[in-house]
>>> print(open('structure.txt').read())   # compact mmCIF, C-alpha atoms and all ligand atoms
# COMPACT_ATOMS: atom_id res chain seq x y z
CA MET A 5 145.48 -13.92 -111.14
CA ALA A 6 144.36 -17.33 -109.93
CA ASP A 7 145.75 -19.01 -113.06
CA GLY A 8 149.30 -17.88 -112.28
CA ALA A 9 149.42 -14.86 -114.59
CA GLY A 10 150.89 -11.62 -113.21
CA PRO A 11 148.74 -8.57 -112.53
CA VAL A 12 148.08 -5.84 -115.07
CA VAL A 13 147.82 -2.46 -113.36
CA ALA A 14 146.31 0.26 -115.57
CA ILE A 15 147.17 3.81 -114.53
CA ASP A 16 145.45 6.66 -116.38
CA GLY A 17 145.24 10.38 -115.80
CA PRO A 18 145.87 13.82 -117.29
CA ALA A 19 149.27 15.43 -117.97
CA ALA A 20 151.48 15.86 -114.88
CA SER A 21 149.06 14.03 -112.60
CA GLY A 22 151.99 11.97 -111.30
CA LYS A 23 151.35 8.92 -113.49
CA SER A 24 154.88 8.41 -114.80
CA THR A 25 156.60 8.79 -111.44
CA VAL A 26 154.07 6.58 -109.66
CA ALA A 27 154.03 3.93 -112.41
CA LEU A 28 157.83 3.77 -112.41
CA ALA A 29 158.04 3.39 -108.62
CA LEU A 30 155.24 0.82 -108.58
CA ALA A 31 156.80 -1.27 -111.37
CA ARG A 32 160.12 -1.32 -109.50
CA ARG A 33 158.50 -2.20 -106.21
CA LEU A 34 156.47 -5.06 -107.68
CA GLY A 35 159.16 -6.18 -110.13
CA LEU A 36 156.77 -5.71 -113.05
CA LEU A 37 157.34 -4.57 -116.61
CA LEU A 38 156.63 -0.85 -117.12
CA VAL A 39 154.75 0.15 -120.26
CA ASP A 40 154.74 3.92 -120.78
CA SER A 41 152.23 4.37 -123.59
CA GLY A 42 152.75 8.16 -123.70
CA SER A 43 156.36 7.58 -124.75
CA MET A 44 155.07 5.72 -127.82
CA TYR A 45 152.84 8.58 -128.94
CA ARG A 46 155.76 10.91 -128.21
CA ALA A 47 158.01 8.78 -130.43
CA VAL A 48 155.50 9.18 -133.27
CA ALA A 49 155.43 12.97 -132.76
CA PHE A 50 159.22 13.11 -132.66
CA LEU A 51 159.67 11.10 -135.88
CA ALA A 52 156.98 13.13 -137.66
CA ILE A 53 158.82 16.34 -136.78
CA GLU A 54 162.18 14.90 -137.77
CA ARG A 55 160.83 13.76 -141.13
CA LYS A 56 159.04 17.08 -141.61
CA VAL A 57 155.66 15.37 -141.88
CA THR A 58 152.82 17.72 -140.97
CA VAL A 59 150.34 16.51 -138.38
CA SER A 60 147.46 17.15 -140.80
CA ASP A 61 148.84 14.48 -143.17
CA GLU A 62 147.10 11.63 -141.35
CA GLN A 63 148.19 8.96 -143.77
CA ALA A 64 151.87 9.81 -143.45
CA VAL A 65 151.61 10.08 -139.66
CA GLY A 66 149.81 6.71 -139.64
CA GLN A 67 152.78 5.23 -141.49
CA ILE A 68 155.11 6.64 -138.87
CA GLY A 69 152.90 4.94 -136.29
CA ARG A 70 153.54 1.63 -138.05
CA ARG A 71 157.28 2.32 -137.99
CA VAL A 72 157.19 3.07 -134.26
CA ARG A 73 155.20 -0.09 -133.58
CA ALA A 74 157.93 -2.12 -135.31
CA ASP A 75 160.94 -0.28 -133.83
CA TYR A 76 159.89 0.78 -130.31
CA ARG A 77 161.84 -0.67 -127.42
CA ALA A 78 162.15 0.36 -123.79
CA GLU A 79 164.53 -0.55 -121.00
CA LEU A 80 164.09 0.07 -117.31
CA PRO A 81 167.53 0.49 -115.71
CA GLU A 82 168.01 -0.24 -112.01
CA GLU A 83 168.02 3.48 -111.35
CA GLY A 84 166.71 6.47 -113.21
CA GLN A 85 164.10 6.87 -115.92
CA LEU A 86 162.80 4.46 -118.52
CA LYS A 87 165.02 4.50 -121.61
CA VAL A 88 163.27 4.60 -124.96
CA PHE A 89 164.74 3.37 -128.24
CA LEU A 90 163.67 3.30 -131.87
CA GLY A 91 165.65 0.40 -133.25
CA SER A 92 169.15 0.89 -131.83
CA ARG A 93 168.79 4.68 -131.47
CA GLU A 94 168.03 6.05 -128.03
CA VAL A 95 165.38 8.80 -128.13
CA THR A 96 164.63 9.20 -124.40
CA GLU A 97 165.46 12.92 -124.36
CA GLN A 98 164.21 13.82 -127.84
CA ILE A 99 160.67 12.55 -127.26
CA ARG A 100 160.34 14.91 -124.29
CA SER A 101 161.45 18.05 -126.14
CA ALA A 102 159.11 21.04 -126.14
CA GLU A 103 158.51 20.51 -129.86
CA ALA A 104 157.51 16.86 -129.54
CA THR A 105 155.37 17.68 -126.50
CA GLY A 106 153.65 20.43 -128.49
CA ALA A 107 152.72 18.02 -131.30
CA VAL A 108 151.92 14.85 -129.38
CA SER A 109 148.24 15.47 -128.62
CA ASP A 110 147.50 16.23 -132.28
CA VAL A 111 149.31 13.09 -133.38
CA SER A 112 147.47 10.94 -130.85
CA ARG A 113 144.08 12.02 -132.20
CA ILE A 114 144.73 10.04 -135.37
CA THR A 115 142.91 6.69 -135.26
CA ALA A 116 145.50 4.87 -137.40
CA VAL A 117 148.18 5.93 -134.92
CA ARG A 118 146.10 4.83 -131.94
CA ASP A 119 145.42 1.42 -133.50
CA GLU A 120 149.15 0.80 -133.96
CA MET A 121 150.03 1.98 -130.45
CA VAL A 122 147.30 -0.10 -128.80
CA ASP A 123 148.59 -3.20 -130.65
CA LEU A 124 152.11 -2.38 -129.49
CA GLN A 125 151.01 -1.97 -125.86
CA ARG A 126 149.08 -5.23 -125.87
CA SER A 127 151.93 -7.11 -127.54
CA MET A 128 154.39 -5.96 -124.86
CA VAL A 129 152.36 -7.31 -121.96
CA SER A 130 152.94 -10.99 -121.38
CA ARG A 131 151.61 -13.32 -118.73
CA SER A 132 154.12 -11.90 -116.28
CA GLY A 133 151.98 -8.78 -115.91
CA ALA A 134 152.83 -5.08 -116.14
CA VAL A 135 152.17 -1.58 -114.95
CA VAL A 136 150.74 0.23 -117.97
CA GLU A 137 150.26 3.99 -117.87
CA GLY A 138 148.49 6.38 -120.22
CA ARG A 139 145.11 7.92 -120.98
CA ASP A 140 142.98 5.04 -122.26
CA ILE A 141 144.55 1.98 -120.64
CA GLY A 142 141.64 1.10 -118.34
CA THR A 143 138.97 2.08 -120.86
CA THR A 144 140.36 0.66 -124.12
CA VAL A 145 143.71 -1.10 -124.00
CA PHE A 146 143.22 -3.35 -120.95
CA PRO A 147 139.56 -3.07 -119.92
CA ASP A 148 140.02 -6.31 -117.93
CA ALA A 149 143.08 -5.07 -116.04
CA THR A 150 143.58 -6.56 -112.57
CA LEU A 151 143.44 -3.06 -111.10
CA LYS A 152 142.53 0.26 -112.72
CA VAL A 153 143.73 3.50 -111.22
CA PHE A 154 142.93 7.07 -112.24
CA LEU A 155 145.30 9.72 -110.93
CA ASP A 156 144.39 13.38 -110.88
CA ALA A 157 145.65 16.58 -109.30
CA ALA A 158 144.57 20.21 -109.20
CA ALA A 159 145.43 22.04 -112.43
CA GLU A 160 147.68 24.57 -110.65
CA GLU A 161 149.61 21.79 -108.95
CA ARG A 162 150.09 19.93 -112.22
CA ALA A 163 151.37 23.10 -113.90
CA ARG A 164 153.72 23.71 -110.96
CA ARG A 165 155.13 20.18 -111.19
CA ARG A 166 155.75 20.38 -114.91
CA TYR A 167 157.33 23.84 -114.61
CA ARG A 168 159.69 22.56 -111.88
CA GLU A 169 160.59 19.59 -114.07
CA PHE A 170 161.37 21.86 -117.03
CA ARG A 171 163.57 24.10 -114.89
CA GLU A 172 165.49 21.12 -113.53
CA LYS A 173 166.15 19.99 -117.08
CA GLY A 174 167.14 23.49 -118.15
CA ILE A 175 164.21 23.76 -120.57
CA ASP A 176 163.33 27.38 -121.17
CA ALA A 177 159.63 28.13 -120.55
CA THR A 178 157.59 30.48 -118.39
CA ALA A 179 155.17 29.18 -115.76
CA SER A 180 152.19 30.53 -117.69
CA GLU A 181 153.35 28.89 -120.94
CA VAL A 182 153.63 25.56 -119.14
CA ALA A 183 150.15 25.97 -117.63
CA ARG A 184 148.69 26.85 -121.05
CA GLN A 185 150.33 23.86 -122.73
CA ILE A 186 149.02 21.43 -120.10
CA GLN A 187 145.54 22.90 -120.41
CA ARG A 188 145.63 22.60 -124.21
CA ARG A 189 146.80 18.98 -124.05
CA ASP A 190 144.12 18.09 -121.50
CA GLU A 191 141.44 19.64 -123.71
CA ILE A 192 142.54 17.74 -126.81
CA ASP A 193 143.15 14.46 -124.92
CA SER A 194 139.73 14.62 -123.24
CA SER A 195 137.64 15.72 -126.20
CA ARG A 196 139.04 13.64 -129.07
CA GLU A 197 136.71 11.12 -130.68
CA SER A 198 138.98 8.11 -130.46
CA SER A 199 139.34 6.77 -126.88
CA PRO A 200 139.45 10.10 -125.00
CA LEU A 201 140.86 10.47 -121.52
CA MET A 202 138.16 9.51 -119.04
CA VAL A 203 137.74 7.64 -115.79
CA SER A 204 137.19 3.96 -116.43
CA ALA A 205 134.33 2.20 -114.64
CA GLY A 206 135.60 0.61 -111.45
CA ALA A 207 138.82 2.65 -111.34
CA LEU A 208 140.39 3.60 -108.02
CA LEU A 209 140.47 7.41 -108.05
CA ILE A 210 143.42 9.07 -106.35
CA ASP A 211 143.92 12.82 -106.04
CA THR A 212 147.69 13.29 -105.83
CA THR A 213 147.63 17.06 -105.17
CA ASP A 214 148.81 16.85 -101.57
CA LYS A 215 150.29 13.36 -101.60
CA ALA A 216 153.86 12.13 -101.74
CA VAL A 217 154.73 9.62 -104.47
CA SER A 218 155.42 6.95 -101.84
CA GLN A 219 151.93 7.43 -100.36
CA VAL A 220 150.25 6.96 -103.73
CA VAL A 221 152.37 3.89 -104.52
CA GLU A 222 151.48 2.42 -101.14
CA GLU A 223 147.79 3.03 -101.73
CA ILE A 224 147.89 1.27 -105.11
CA ALA A 225 149.97 -1.67 -103.79
CA ARG A 226 147.46 -2.14 -100.95
CA ALA A 227 144.52 -2.02 -103.35
CA LEU A 228 146.24 -4.63 -105.52
CA GLU A 229 146.66 -6.95 -102.55
CA GLY A 230 142.92 -6.72 -101.97
CA VAL A 231 141.96 -7.65 -105.54
O1 LIG A 301 151.80 10.76 -120.57
P1 LIG A 301 152.49 11.68 -121.57
O2 LIG A 301 152.47 13.13 -121.19
O3 LIG A 301 153.87 11.21 -121.92
O4 LIG A 301 151.61 11.53 -122.90
C1 LIG A 301 151.88 12.27 -124.05
C2 LIG A 301 150.64 12.37 -124.92
O5 LIG A 301 150.36 11.12 -125.53
C3 LIG A 301 149.35 12.80 -124.25
O6 LIG A 301 149.21 14.20 -124.22
C4 LIG A 301 148.29 12.14 -125.08
C5 LIG A 301 148.95 10.95 -125.68
N1 LIG A 301 148.58 9.68 -125.07
C6 LIG A 301 147.43 9.09 -125.51
O7 LIG A 301 146.73 9.65 -126.33
N2 LIG A 301 147.07 7.87 -125.03
C7 LIG A 301 147.83 7.25 -124.13
N3 LIG A 301 147.46 6.04 -123.68
C8 LIG A 301 149.00 7.86 -123.64
C9 LIG A 301 149.35 9.09 -124.13
>>> encode(input="structure.txt", output="structure tokens")
Amino acid sequence: MADGAGPVVAIDGPAASGKSTVALALARRLGLLLVDSGSMYRAVAFLAIERKVTVSDEQAVGQIGRRVRADYRAELPEEGQLKVFLGSREVTEQIRSAEATGAVSDVSRITAVRDEMVDLQRSMVSRSGAVVEGRDIGTTVFPDATLKVFLDAAAEERARRRYREFREKGIDATASEVARQIQRRDEIDSSRESSPLMVSAGALLIDTTDKAVSQVVEEIARALEGV
């Protein structure tokens, strides 16, 4: 940071560990760009479903990855969630549908897709710095990040959070279905060959199970001051 560039904060962790909420709050607090890499993989899954491309057709899904790299855009409004666009079309809701969520881990196993998304993430981060959240940010995308954070929470708590979120949005799912889906995603995300989810060397580990969002944000902001 001594040369005047802004900080890059890498936040990784499993599904429903609190990453998105914490990254959003931190980006707002520090006035930094927010890069939600999961939304990019979700956009690929969404387009594949819309175009009726099966996940096993790696070449076709890779091409969709190229499309998403060219068309992806995000906007952080003063309030509320990050808005995601493909070209001029807003897809914020669609990429979070149960169908897209069900396909996203399989899509993100494909190396051609990962290569495109990593390029996209790197190209979005300028010298002004950013909060970048995902699964492989500290290990692969920004191994030299100013600060690396790994968020985790007990599996039951993560399932509870996601179930609550679904209910608030009126998405129909049982608690056990939600728990099973999170478990399946974690297994695929952690065991895939290409940059699996894992704790990066030197990462600050935070267990968010019993912590409020504001506490976690505070902890990260303090750690950043000490870098
Ligand atoms: O954070 P999320 O739930 O929106 O992420 C959706 C999926 O995208 C996740 O299950 C795996 C994939 N992903 C990835 O492979 N690498 C990333 N850096 C971010 C997400």
>>> residues_around(input="structure.txt", residues="Ser109 (chain A)", least_positions_apart="3", cutoff="10 Å", atoms="only C-alpha atoms", output="JSON, numbers by chain")
{"A": [42, 45, 46, 49, 104, 105, 106, 112, 113, 114, 188, 189, 190, 191, 192, 193, 196]}
>>> write_last_selection(input="structure.txt", atoms="C-alpha atoms", output="tab-separated table (two decimals), in the frame of the given file")
chain	number	residue	atom	x	y	z
A	42	GLY	CA	152.75	8.16	-123.70
A	45	TYR	CA	152.84	8.58	-128.94
A	46	ARG	CA	155.76	10.91	-128.21
A	49	ALA	CA	155.43	12.97	-132.76
A	104	ALA	CA	157.51	16.86	-129.54
A	105	THR	CA	155.37	17.68	-126.50
A	106	GLY	CA	153.65	20.43	-128.49
A	112	SER	CA	147.47	10.94	-130.85
A	113	ARG	CA	144.08	12.02	-132.20
A	114	ILE	CA	144.73	10.04	-135.37
A	188	ARG	CA	145.63	22.60	-124.21
A	189	ARG	CA	146.80	18.98	-124.05
A	190	ASP	CA	144.12	18.09	-121.50
A	191	GLU	CA	141.44	19.64	-123.71
A	192	ILE	CA	142.54	17.74	-126.81
A	193	ASP	CA	143.15	14.46	-124.92
A	196	ARG	CA	139.04	13.64	-129.07
>>> closest_residue(input="structure.txt", among="A:Val217, A:Ala20, A:Val13, A:Leu151", to="ligand LIG 301 (chain A)", atoms="all atoms listed in the file")
A:Ala20
>>> residues_around(input="structure.txt", residues="region 61-63 of chain A", least_positions_apart="6", cutoff="10 Å", atoms="only C-alpha atoms", output="PyMOL selection string")
chain A and resi 52+69+111+113-117
>>> residues_around(input="structure.txt", residues="Val135 (chain A)", least_positions_apart="4", cutoff="8 Å", atoms="only C-alpha atoms", output="list in words")
Val12, Val13, Ala14, Ile15, Ala27, Leu30, Ala31, Leu36, Leu37, Leu38 and Val39 of chain A
>>> atom_distance(input="structure.txt", atom1="atom O7 of ligand LIG 301 (chain A)", atom2="CA of Glu223 (chain A)")
25.5 Å
>>> decode(input="structure.txt", residues="region 50-89 of chain A", atoms="N, CA and C atoms", output="CSV table (one decimal), in the first residue's frame")
chain,number,residue,atom,x,y,z
A,50,PHE,N,-26.7,-19.7,-14.8
A,50,PHE,CA,-28.0,-19.1,-15.2
A,50,PHE,C,-28.1,-19.2,-16.8
A,51,LEU,N,-27.1,-18.7,-17.4
A,51,LEU,CA,-27.1,-18.6,-18.9
A,51,LEU,C,-27.1,-20.0,-19.5
A,52,ALA,N,-26.4,-20.9,-18.9
A,52,ALA,CA,-26.4,-22.3,-19.4
A,52,ALA,C,-27.8,-22.9,-19.3
A,53,ILE,N,-28.4,-22.7,-18.2
A,53,ILE,CA,-29.8,-23.2,-18.0
A,53,ILE,C,-30.7,-22.6,-19.1
A,54,GLU,N,-30.6,-21.3,-19.2
A,54,GLU,CA,-31.5,-20.5,-20.1
A,54,GLU,C,-31.3,-21.0,-21.6
A,55,ARG,N,-30.1,-21.3,-21.9
A,55,ARG,CA,-29.8,-21.7,-23.3
A,55,ARG,C,-29.8,-23.3,-23.4
A,56,LYS,N,-30.3,-23.9,-22.4
A,56,LYS,CA,-30.5,-25.4,-22.4
A,56,LYS,C,-29.2,-26.1,-22.7
A,57,VAL,N,-28.1,-25.6,-22.2
A,57,VAL,CA,-26.8,-26.2,-22.4
A,57,VAL,C,-26.6,-27.1,-21.2
A,58,THR,N,-26.3,-28.4,-21.4
A,58,THR,CA,-26.1,-29.3,-20.2
A,58,THR,C,-24.7,-29.0,-19.7
A,59,VAL,N,-24.6,-29.2,-18.3
A,59,VAL,CA,-23.3,-28.9,-17.6
A,59,VAL,C,-22.2,-29.9,-18.1
A,60,SER,N,-22.6,-31.0,-18.6
A,60,SER,CA,-21.5,-32.0,-19.1
A,60,SER,C,-20.9,-31.5,-20.4
A,61,ASP,N,-21.5,-30.6,-21.1
A,61,ASP,CA,-21.0,-30.1,-22.3
A,61,ASP,C,-20.0,-29.0,-22.0
A,62,GLU,N,-18.8,-29.4,-21.6
A,62,GLU,CA,-17.8,-28.4,-21.1
A,62,GLU,C,-17.4,-27.3,-22.1
A,63,GLN,N,-17.4,-27.7,-23.4
A,63,GLN,CA,-17.0,-26.7,-24.4
A,63,GLN,C,-18.0,-25.6,-24.5
A,64,ALA,N,-19.3,-26.0,-24.5
A,64,ALA,CA,-20.4,-25.1,-24.6
A,64,ALA,C,-20.4,-24.2,-23.4
A,65,VAL,N,-20.2,-24.8,-22.2
A,65,VAL,CA,-20.3,-24.0,-21.0
A,65,VAL,C,-19.1,-23.1,-20.9
A,66,GLY,N,-17.9,-23.5,-21.4
A,66,GLY,CA,-16.8,-22.6,-21.5
A,66,GLY,C,-17.0,-21.4,-22.4
A,67,GLN,N,-17.8,-21.6,-23.5
A,67,GLN,CA,-18.1,-20.5,-24.3
A,67,GLN,C,-19.1,-19.5,-23.6
A,68,ILE,N,-19.9,-20.1,-22.8
A,68,ILE,CA,-20.8,-19.2,-22.0
A,68,ILE,C,-20.0,-18.4,-21.0
A,69,GLY,N,-18.9,-19.0,-20.5
A,69,GLY,CA,-18.0,-18.3,-19.6
A,69,GLY,C,-17.4,-17.1,-20.3
A,70,ARG,N,-17.0,-17.3,-21.6
A,70,ARG,CA,-16.4,-16.2,-22.3
A,70,ARG,C,-17.4,-15.1,-22.5
A,71,ARG,N,-18.7,-15.5,-22.8
A,71,ARG,CA,-19.8,-14.5,-22.9
A,71,ARG,C,-19.9,-13.7,-21.6
A,72,VAL,N,-19.9,-14.4,-20.5
A,72,VAL,CA,-20.1,-13.7,-19.2
A,72,VAL,C,-18.9,-12.8,-18.9
A,73,ARG,N,-17.7,-13.2,-19.3
A,73,ARG,CA,-16.6,-12.4,-19.0
A,73,ARG,C,-16.7,-11.0,-19.8
A,74,ALA,N,-17.3,-11.1,-21.0
A,74,ALA,CA,-17.4,-9.9,-21.8
A,74,ALA,C,-18.6,-9.0,-21.3
A,75,ASP,N,-19.7,-9.7,-20.8
A,75,ASP,CA,-20.9,-8.9,-20.6
A,75,ASP,C,-21.2,-8.6,-19.1
A,76,TYR,N,-20.4,-9.2,-18.2
A,76,TYR,CA,-20.7,-9.0,-16.8
A,76,TYR,C,-20.5,-7.6,-16.3
A,77,ARG,N,-21.4,-7.1,-15.5
A,77,ARG,CA,-21.3,-5.8,-14.9
A,77,ARG,C,-22.0,-5.8,-13.6
A,78,ALA,N,-21.4,-5.1,-12.6
A,78,ALA,CA,-22.1,-5.0,-11.3
A,78,ALA,C,-22.2,-3.6,-10.8
A,79,GLU,N,-23.2,-3.3,-10.1
A,79,GLU,CA,-23.4,-1.9,-9.5
A,79,GLU,C,-23.7,-2.1,-8.0
A,80,LEU,N,-23.0,-1.3,-7.2
A,80,LEU,CA,-23.4,-1.3,-5.8
A,80,LEU,C,-24.2,0.0,-5.5
A,81,PRO,N,-25.5,-0.2,-5.3
A,81,PRO,CA,-26.3,1.0,-4.9
A,81,PRO,C,-26.0,1.5,-3.5
A,82,GLU,N,-26.4,2.7,-3.2
A,82,GLU,CA,-26.1,3.2,-1.8
A,82,GLU,C,-26.7,2.3,-0.7
A,83,GLU,N,-27.8,1.7,-1.1
A,83,GLU,CA,-28.5,0.7,-0.1
A,83,GLU,C,-28.8,-0.5,-0.8
A,84,GLY,N,-28.9,-1.6,-0.1
A,84,GLY,CA,-29.4,-2.9,-0.7
A,84,GLY,C,-28.2,-3.7,-1.3
A,85,GLN,N,-28.6,-4.7,-2.0
A,85,GLN,CA,-27.6,-5.7,-2.5
A,85,GLN,C,-26.9,-5.2,-3.8
A,86,LEU,N,-25.9,-5.9,-4.1
A,86,LEU,CA,-25.1,-5.7,-5.4
A,86,LEU,C,-26.1,-6.0,-6.5
A,87,LYS,N,-26.1,-5.2,-7.5
A,87,LYS,CA,-26.9,-5.5,-8.7
A,87,LYS,C,-26.0,-6.1,-9.8
A,88,VAL,N,-26.5,-7.2,-10.4
A,88,VAL,CA,-25.7,-7.8,-11.4
A,88,VAL,C,-26.4,-7.7,-12.8
A,89,PHE,N,-25.6,-7.4,-13.8
A,89,PHE,CA,-26.1,-7.3,-15.2
A,89,PHE,C,-25.3,-8.1,-16.1
